[in-house]
$ cat work12.cif   # mmCIF, C-alpha atoms
data_structure
#
loop_
_atom_site.group_PDB
_atom_site.id
_atom_site.type_symbol
_atom_site.label_atom_id
_atom_site.label_comp_id
_atom_site.auth_asym_id
_atom_site.auth_seq_id
_atom_site.Cartn_x
_atom_site.Cartn_y
_atom_site.Cartn_z
ATOM 1 C CA MET A 1 0.000 0.000 0.000
ATOM 2 C CA ARG A 2 2.826 2.379 0.786
ATOM 3 C CA ARG A 3 4.260 1.793 -2.663
ATOM 4 C CA ILE A 4 0.923 2.736 -4.215
ATOM 5 C CA TYR A 5 0.809 5.954 -2.222
ATOM 6 C CA LEU A 6 4.350 6.743 -3.243
ATOM 7 C CA ALA A 7 3.536 6.055 -6.890
ATOM 8 C CA ILE A 8 0.472 8.335 -6.741
ATOM 9 C CA LEU A 9 2.479 11.059 -4.994
ATOM 10 C CA LEU A 10 5.264 10.789 -7.562
ATOM 11 C CA THR A 11 2.795 10.925 -10.452
ATOM 12 C CA CYS A 12 1.063 13.967 -9.003
ATOM 13 C CA THR A 13 4.406 15.670 -8.462
ATOM 14 C CA MET A 14 5.463 14.974 -12.062
ATOM 15 C CA LEU A 15 2.151 16.291 -13.420
ATOM 16 C CA THR A 16 2.470 19.423 -11.312
ATOM 17 C CA VAL A 17 5.987 20.041 -12.563
ATOM 18 C CA ALA A 18 4.954 19.414 -16.155
ATOM 19 C CA SER A 19 2.010 21.774 -15.781
ATOM 20 C CA ALA A 20 4.248 24.414 -14.271
ATOM 21 C CA GLN A 21 6.636 24.059 -17.174
ATOM 22 C CA ASP A 22 3.756 24.550 -19.633
ATOM 23 C CA ARG A 23 2.654 27.724 -17.924
ATOM 24 C CA THR A 24 4.288 30.995 -18.856
ATOM 25 C CA VAL A 25 4.068 34.550 -17.564
ATOM 26 C CA GLN A 26 0.818 36.135 -18.726
ATOM 27 C CA ASN A 27 1.005 39.367 -20.702
ATOM 28 C CA ARG A 28 -1.693 41.930 -19.876
ATOM 29 C CA PRO A 29 -3.453 39.639 -17.365
ATOM 30 C CA TYR A 30 -6.296 42.073 -16.626
ATOM 31 C CA THR A 31 -7.127 43.216 -20.158
ATOM 32 C CA ASP A 32 -10.185 40.943 -20.445
ATOM 33 C CA LEU A 33 -11.664 42.271 -17.196
ATOM 34 C CA ARG A 34 -12.399 45.692 -18.637
ATOM 35 C CA LYS A 35 -16.067 46.393 -19.323
ATOM 36 C CA PHE A 36 -15.348 48.190 -22.577
ATOM 37 C CA HIS A 37 -12.343 48.777 -24.814
ATOM 38 C CA PHE A 38 -11.485 50.098 -28.279
ATOM 39 C CA GLY A 39 -9.296 48.875 -31.097
ATOM 40 C CA LEU A 40 -8.742 48.886 -34.843
ATOM 41 C CA HIS A 41 -8.638 46.263 -37.551
ATOM 42 C CA VAL A 42 -7.309 45.718 -41.055
ATOM 43 C CA GLY A 43 -7.814 42.777 -43.353
ATOM 44 C CA THR A 44 -8.350 41.295 -46.765
ATOM 45 C CA HIS A 45 -11.315 39.488 -48.246
ATOM 46 C CA LEU A 46 -12.548 37.533 -51.257
ATOM 47 C CA GLN A 47 -15.847 38.546 -52.843
ATOM 48 C CA ASP A 48 -18.284 36.391 -54.789
ATOM 49 C CA ILE A 49 -21.899 36.745 -55.836
ATOM 50 C CA GLU A 50 -24.503 34.105 -56.689
ATOM 51 C CA PHE A 51 -26.821 34.954 -59.599
ATOM 52 C CA VAL A 52 -30.161 33.407 -60.544
ATOM 53 C CA ASN A 53 -30.261 33.480 -64.341
ATOM 54 C CA VAL A 54 -33.676 33.996 -65.918
ATOM 55 C CA GLY A 55 -33.103 32.047 -69.149
ATOM 56 C CA PRO A 56 -34.757 32.961 -72.482
ATOM 57 C CA ILE A 57 -36.634 36.269 -72.367
ATOM 58 C CA THR A 58 -38.646 38.300 -74.872
ATOM 59 C CA LEU A 59 -37.538 41.872 -75.522
ATOM 60 C CA SER A 60 -38.900 44.666 -77.674
ATOM 61 C CA ASN A 61 -37.055 46.687 -80.294
ATOM 62 C CA GLU A 62 -37.551 50.411 -80.705
ATOM 63 C CA ASP A 63 -39.787 49.804 -83.755
ATOM 64 C CA GLY A 64 -42.130 47.633 -81.702
ATOM 65 C CA THR A 65 -40.962 44.219 -82.910
ATOM 66 C CA THR A 66 -39.913 41.565 -80.427
ATOM 67 C CA TYR A 67 -37.059 39.070 -80.275
ATOM 68 C CA GLN A 68 -35.873 36.218 -78.068
ATOM 69 C CA SER A 69 -32.742 36.734 -75.979
ATOM 70 C CA LEU A 70 -30.641 34.301 -73.968
ATOM 71 C CA VAL A 71 -27.812 35.670 -71.831
ATOM 72 C CA THR A 72 -26.234 33.967 -68.823
ATOM 73 C CA LEU A 73 -23.837 35.524 -66.372
ATOM 74 C CA ASP A 74 -21.646 34.603 -63.438
ATOM 75 C CA GLN A 75 -18.781 35.862 -61.359
ATOM 76 C CA ASP A 76 -16.137 33.490 -62.659
ATOM 77 C CA ARG A 77 -13.646 33.942 -59.808
ATOM 78 C CA TRP A 78 -13.280 35.051 -56.206
ATOM 79 C CA ASP A 79 -12.097 38.658 -56.403
ATOM 80 C CA PRO A 80 -9.856 40.107 -53.659
ATOM 81 C CA GLY A 81 -10.352 43.312 -51.740
ATOM 82 C CA PHE A 82 -9.340 44.942 -48.482
ATOM 83 C CA ASN A 83 -11.079 46.310 -45.412
ATOM 84 C CA VAL A 84 -10.190 48.638 -42.567
ATOM 85 C CA GLY A 85 -12.057 49.908 -39.522
ATOM 86 C CA VAL A 86 -12.343 50.386 -35.774
ATOM 87 C CA LEU A 87 -14.053 48.409 -33.012
ATOM 88 C CA GLY A 88 -15.612 48.702 -29.617
ATOM 89 C CA GLU A 89 -16.060 45.609 -27.445
ATOM 90 C CA PHE A 90 -18.289 45.106 -24.410
ATOM 91 C CA ARG A 91 -17.621 42.412 -21.827
ATOM 92 C CA LEU A 92 -20.904 40.591 -21.160
ATOM 93 C CA SER A 93 -19.534 37.778 -18.998
ATOM 94 C CA GLU A 94 -16.402 35.721 -18.518
ATOM 95 C CA ASN A 95 -16.831 34.017 -21.897
ATOM 96 C CA PHE A 96 -19.122 36.295 -23.926
ATOM 97 C CA GLN A 97 -18.361 39.642 -25.560
ATOM 98 C CA LEU A 98 -20.357 41.943 -27.814
ATOM 99 C CA ARG A 99 -18.286 43.554 -30.567
ATOM 100 C CA ILE A 100 -19.336 46.501 -32.730
ATOM 101 C CA ALA A 101 -16.940 46.993 -35.643
ATOM 102 C CA PRO A 102 -17.584 49.817 -38.157
ATOM 103 C CA ALA A 103 -15.482 49.360 -41.292
ATOM 104 C CA MET A 104 -15.088 50.039 -44.995
ATOM 105 C CA TYR A 105 -14.785 47.238 -47.572
ATOM 106 C CA PHE A 106 -13.272 47.949 -50.985
ATOM 107 C CA GLY A 107 -13.257 45.531 -53.911
ATOM 108 C CA THR A 108 -14.293 44.745 -57.475
ATOM 109 C CA ARG A 109 -16.314 41.811 -58.780
ATOM 110 C CA HIS A 110 -15.511 40.520 -62.274
ATOM 111 C CA ILE A 111 -18.800 39.606 -64.009
ATOM 112 C CA THR A 112 -18.853 37.635 -67.284
ATOM 113 C CA PHE A 113 -21.880 37.580 -69.610
ATOM 114 C CA HIS A 114 -22.388 34.849 -72.237
ATOM 115 C CA ASN A 115 -24.600 36.147 -75.046
ATOM 116 C CA TYR A 116 -26.098 33.172 -76.918
ATOM 117 C CA ASN A 117 -27.810 35.484 -79.409
ATOM 118 C CA ILE A 118 -24.480 36.210 -81.090
ATOM 119 C CA SER A 119 -21.745 33.678 -81.894
ATOM 120 C CA ASP A 120 -18.238 34.049 -83.224
ATOM 121 C CA VAL A 121 -16.705 32.105 -86.081
ATOM 122 C CA GLU A 122 -16.182 29.117 -83.783
ATOM 123 C CA LYS A 123 -19.901 29.083 -82.837
ATOM 124 C CA THR A 124 -19.203 30.076 -79.215
ATOM 125 C CA PRO A 125 -21.292 32.756 -77.475
ATOM 126 C CA ILE A 126 -19.954 36.289 -77.410
ATOM 127 C CA LYS A 127 -18.614 37.350 -74.008
ATOM 128 C CA GLU A 128 -19.105 40.680 -72.307
ATOM 129 C CA THR A 129 -17.554 41.649 -68.980
ATOM 130 C CA GLN A 130 -18.282 44.174 -66.263
ATOM 131 C CA GLY A 131 -16.159 45.232 -63.335
ATOM 132 C CA LEU A 132 -18.681 45.671 -60.533
ATOM 133 C CA LYS A 133 -16.872 47.915 -58.077
ATOM 134 C CA THR A 134 -17.991 47.916 -54.452
ATOM 135 C CA ALA A 135 -17.241 50.289 -51.620
ATOM 136 C CA TYR A 136 -19.202 49.354 -48.513
ATOM 137 C CA ILE A 137 -19.669 51.181 -45.238
ATOM 138 C CA THR A 138 -20.448 48.497 -42.654
ATOM 139 C CA SER A 139 -21.050 48.078 -38.952
ATOM 140 C CA ALA A 140 -20.847 44.482 -37.747
ATOM 141 C CA PHE A 141 -22.588 43.388 -34.543
ATOM 142 C CA ASP A 142 -20.969 40.163 -33.322
ATOM 143 C CA ILE A 143 -21.328 37.911 -30.297
ATOM 144 C CA ILE A 144 -18.020 36.285 -29.322
ATOM 145 C CA PHE A 145 -17.789 33.123 -27.255
ATOM 146 C CA ALA A 146 -14.225 32.708 -25.980
ATOM 147 C CA GLY A 147 -12.717 29.678 -24.308
ATOM 148 C CA PRO A 148 -10.532 29.838 -21.189
ATOM 149 C CA ARG A 149 -7.247 31.656 -21.551
ATOM 150 C CA PHE A 150 -4.136 29.475 -21.567
ATOM 151 C CA ASN A 151 -0.874 31.366 -21.183
ATOM 152 C CA ASN A 152 -1.078 34.111 -23.824
ATOM 153 C CA ARG A 153 -3.653 32.520 -26.128
ATOM 154 C CA ARG A 154 -7.434 32.358 -26.070
ATOM 155 C CA PRO A 155 -9.430 30.796 -28.954
ATOM 156 C CA TYR A 156 -12.992 31.842 -29.734
ATOM 157 C CA ILE A 157 -15.901 31.493 -32.134
ATOM 158 C CA MET A 158 -18.157 34.316 -33.275
ATOM 159 C CA ALA A 159 -21.428 34.996 -35.078
ATOM 160 C CA GLY A 160 -23.333 38.127 -35.964
ATOM 161 C CA VAL A 161 -24.933 40.344 -38.563
ATOM 162 C CA ASN A 162 -23.325 42.999 -40.700
ATOM 163 C CA PRO A 163 -25.492 45.693 -42.374
ATOM 164 C CA MET A 164 -23.795 47.392 -45.332
ATOM 165 C CA ILE A 165 -24.278 50.519 -47.426
ATOM 166 C CA ASN A 166 -22.982 50.367 -51.007
ATOM 167 C CA LEU A 167 -21.468 53.662 -52.187
ATOM 168 C CA SER A 168 -20.291 52.730 -55.695
ATOM 169 C CA ASN A 169 -23.371 52.105 -57.854
ATOM 170 C CA LYS A 170 -23.405 53.373 -61.453
ATOM 171 C CA ASP A 171 -26.475 53.869 -63.649
ATOM 172 C CA ASN A 172 -24.648 53.070 -66.906
ATOM 173 C CA ASP A 173 -23.576 49.517 -65.960
ATOM 174 C CA PHE A 174 -25.260 46.324 -67.134
ATOM 175 C CA LEU A 175 -26.011 45.443 -63.510
ATOM 176 C CA LYS A 176 -26.514 47.539 -60.432
ATOM 177 C CA LEU A 177 -26.580 46.452 -56.804
ATOM 178 C CA LYS A 178 -28.924 47.815 -54.184
ATOM 179 C CA ARG A 179 -27.693 50.509 -51.878
ATOM 180 C CA TYR A 180 -28.343 48.425 -48.744
ATOM 181 C CA ASP A 181 -27.464 44.836 -47.910
ATOM 182 C CA MET A 182 -27.326 42.610 -44.840
ATOM 183 C CA PHE A 183 -24.840 39.812 -44.160
ATOM 184 C CA LEU A 184 -24.805 36.910 -41.735
ATOM 185 C CA GLU A 185 -21.286 36.133 -40.535
ATOM 186 C CA ILE A 186 -19.687 33.299 -38.588
ATOM 187 C CA GLY A 187 -16.022 32.718 -37.872
ATOM 188 C CA ILE A 188 -13.205 31.581 -35.649
ATOM 189 C CA GLY A 189 -10.205 33.359 -34.188
ATOM 190 C CA CYS A 190 -7.664 33.454 -31.407
ATOM 191 C CA ASP A 191 -6.489 36.191 -29.039
ATOM 192 C CA PHE A 192 -2.722 36.543 -28.667
ATOM 193 C CA TYR A 193 -1.686 38.590 -25.645
ATOM 194 C CA LEU A 194 1.484 40.512 -26.428
ATOM 195 C CA PRO A 195 3.381 42.736 -23.980
ATOM 196 C CA PHE A 196 1.853 46.008 -25.208
ATOM 197 C CA PHE A 197 -1.379 45.010 -26.971
ATOM 198 C CA LYS A 198 -3.643 42.125 -27.879
ATOM 199 C CA ALA A 199 -3.622 40.810 -31.476
ATOM 200 C CA ARG A 200 -6.528 38.802 -32.843
ATOM 201 C CA PRO A 201 -6.402 37.049 -36.239
ATOM 202 C CA GLU A 202 -9.876 36.021 -37.372
ATOM 203 C CA LEU A 203 -11.295 34.100 -40.325
ATOM 204 C CA LYS A 204 -14.990 34.541 -41.031
ATOM 205 C CA PHE A 205 -17.538 33.657 -43.698
ATOM 206 C CA MET A 206 -20.194 36.186 -44.746
ATOM 207 C CA TYR A 207 -23.386 35.435 -46.660
ATOM 208 C CA GLY A 208 -25.936 37.955 -47.902
ATOM 209 C CA LEU A 209 -29.410 37.595 -46.425
ATOM 210 C CA THR A 210 -31.220 39.715 -49.033
ATOM 211 C CA ASN A 211 -31.469 39.970 -52.796
ATOM 212 C CA SER A 212 -28.738 42.518 -53.489
ATOM 213 C CA LEU A 213 -29.698 43.030 -57.162
ATOM 214 C CA ASP A 214 -31.387 46.328 -58.047
ATOM 215 C CA THR A 215 -34.310 44.988 -60.080
ATOM 216 C CA ASP A 216 -35.479 48.529 -60.942
ATOM 217 C CA HIS A 217 -32.252 49.299 -62.780
ATOM 218 C CA ALA A 218 -33.738 48.240 -66.145
ATOM 219 C CA LYS A 219 -36.228 51.141 -65.977
ATOM 220 C CA HIS A 220 -33.376 53.661 -65.975
ATOM 221 C CA VAL A 221 -31.177 52.128 -68.698
ATOM 222 C CA ARG A 222 -30.980 54.528 -71.636
ATOM 223 C CA ASP A 223 -29.249 52.195 -74.091
ATOM 224 C CA LYS A 224 -31.952 49.604 -74.742
ATOM 225 C CA THR A 225 -29.446 47.140 -76.197
ATOM 226 C CA MET A 226 -28.182 46.701 -72.645
ATOM 227 C CA LEU A 227 -31.514 45.273 -71.507
ATOM 228 C CA GLN A 228 -30.657 41.788 -72.739
ATOM 229 C CA TYR A 229 -27.883 41.792 -70.119
ATOM 230 C CA THR A 230 -29.714 43.717 -67.401
ATOM 231 C CA ASN A 231 -32.828 41.512 -67.533
ATOM 232 C CA ALA A 232 -30.883 38.245 -67.759
ATOM 233 C CA VAL A 233 -30.798 37.782 -63.973
ATOM 234 C CA SER A 234 -33.499 38.021 -61.298
ATOM 235 C CA LYS A 235 -31.629 37.634 -58.004
ATOM 236 C CA ALA A 236 -28.149 38.012 -56.564
ATOM 237 C CA ARG A 237 -26.695 37.134 -53.161
ATOM 238 C CA SER A 238 -23.274 38.324 -52.096
ATOM 239 C CA LYS A 239 -20.669 36.200 -50.314
ATOM 240 C CA MET A 240 -17.326 37.018 -48.707
ATOM 241 C CA ILE A 241 -14.473 35.216 -47.018
ATOM 242 C CA THR A 242 -12.625 37.646 -44.760
ATOM 243 C CA PHE A 243 -9.326 37.423 -42.898
ATOM 244 C CA THR A 244 -8.936 40.254 -40.392
ATOM 245 C CA LEU A 245 -6.318 41.289 -37.840
ATOM 246 C CA TYR A 246 -7.719 43.078 -34.794
ATOM 247 C CA PHE A 247 -5.500 45.135 -32.488
ATOM 248 C CA GLU A 248 -6.722 46.082 -29.029
#
$ encode --input "work12.cif" --output "structure tokens"
Amino acid sequence: MRRIYLAILLTCTMLTVASAQDRTVQNRPYTDLRKFHFGLHVGTHLQDIEFVNVGPITLSNEDGTTYQSLVTLDQDRWDPGFNVGVLGEFRLSENFQLRIAPAMYFGTRHITFHNYNISDVEKTPIKETQGLKTAYITSAFDIIFAGPRFNNRRPYIMAGVNPMINLSNKDNDFLKLKRYDMFLEIGIGCDFYLPFFKARPELKFMYGLTNSLDTDHAKHVRDKTMLQYTNAVSKARSKMITFTLYFE
């Protein structure tokens, strides 16, 4: 029995020593106890947009005659952009925080149209392209659930909504997005406690909750030959993948 006690005592002692070796001095040990704090953030993102193509449509010429049109379109790649902003974070409890993060998102979506009404010598549809520039003013409202801090790291998950205002619409484009949009966002990240500040890399996925296509744009198009492109789609939902560095 004594040997068992000695073995248990030795094991406990070894675990305690190992645990002590894993522990390091904590930087900024009281930073998470503040009720409210500010920060800033910079990042990069990839933009995409999902279109619902209408298919064959009937259009009218200026002389009153009609014709059938078939145009399809898609964003054929994830286009990069960048974002920058500030943040304010409220401590709700030991594990939950509310973050408000106003920001600006800048980017351009590359849209490709396939016009099946016109073919080249190789019988392939004629392509048209449009650079759909976006400049969003946003203000994300996120709930953060953080795990326990270990040394100078603390992982977390987050979810929230992000209303956006689009500042870069043009009336002379094939397509036009609505001025307002709303995104659902979920992501993961980790707090790194450095000697003078806290750094937080975060990866999140954003999906548009509304139809972001301005369906009234066709009424304001002056060049009626553009209508075969403008009316070729009925809905659009925006998507983003964002990598952001927060500094607090």
$ residues_around --input "work12.cif" --residues "stretch 167-170 of chain A" --least-positions-apart "6" --cutoff "9 Å" --atoms "only C-alpha atoms" --output "NGL selection string"
:A and (132-137 or 176-179)
$ resolve_selection --input "work12.cif" --expression "the PyMOL selection byres ((chain A and resi 103-114) around 6)" --output "PyMOL selection string"
chain A and resi 71-75+79+81-85+102+115+125-138
$ closest_residue --input "work12.cif" --among "A:Arg34, A:Arg222, A:Arg153, A:Arg77" --to "A:Leu194" --atoms "all atoms listed in the file"
A:Arg153
$ closest_residue --input "work12.cif" --among "A:Asn211, A:Ser93, A:Thr230, A:Ser60" --to "A:Asp173" --atoms "only C-alpha atoms"
A:Thr230
$ atom_distance --input "work12.cif" --atom1 "atom CA of A:Asn53" --atom2 "atom CA of A:Gln228"
11.8 Å
$ resolve_selection --input "work12.cif" --expression "the PyMOL selection byres ((chain A and resi 195) around 12)" --output "PyMOL selection string"
chain A and resi 25-29+31+152+192-194+196-199+248
$ atom_distance --input "work12.cif" --atom1 "atom CA of A:Leu184" --atom2 "atom CA of A:Gly160"
6.1 Å
$ atom_distance --input "work12.cif" --atom1 "atom CA of A:Pro80" --atom2 "atom CA of A:Gly187"
18.5 Å
$ closest_residue --input "work12.cif" --among "A:Leu227, A:Leu46, A:Leu33, A:Leu59" --to "A:Lys239" --atoms "only C-alpha atoms"
A:Leu46
$ closest_residue --input "work12.cif" --among "A:Ile241, A:Ile49, A:Ile57, A:Leu40" --to "A:Ile100" --atoms "only C-alpha atoms"
A:Leu40
$ residues_around --input "work12.cif" --residues "A:Val161" --least-positions-apart "3" --cutoff "6 Å" --atoms "all atoms listed in the file" --output "PyMOL selection string"
chain A and resi 140-141+183-185
$ closest_residue --input "work12.cif" --among "A:Met182, A:Ile165, A:Met158, A:Val221" --to "A:Ile144" --atoms "all atoms listed in the file"
A:Met158
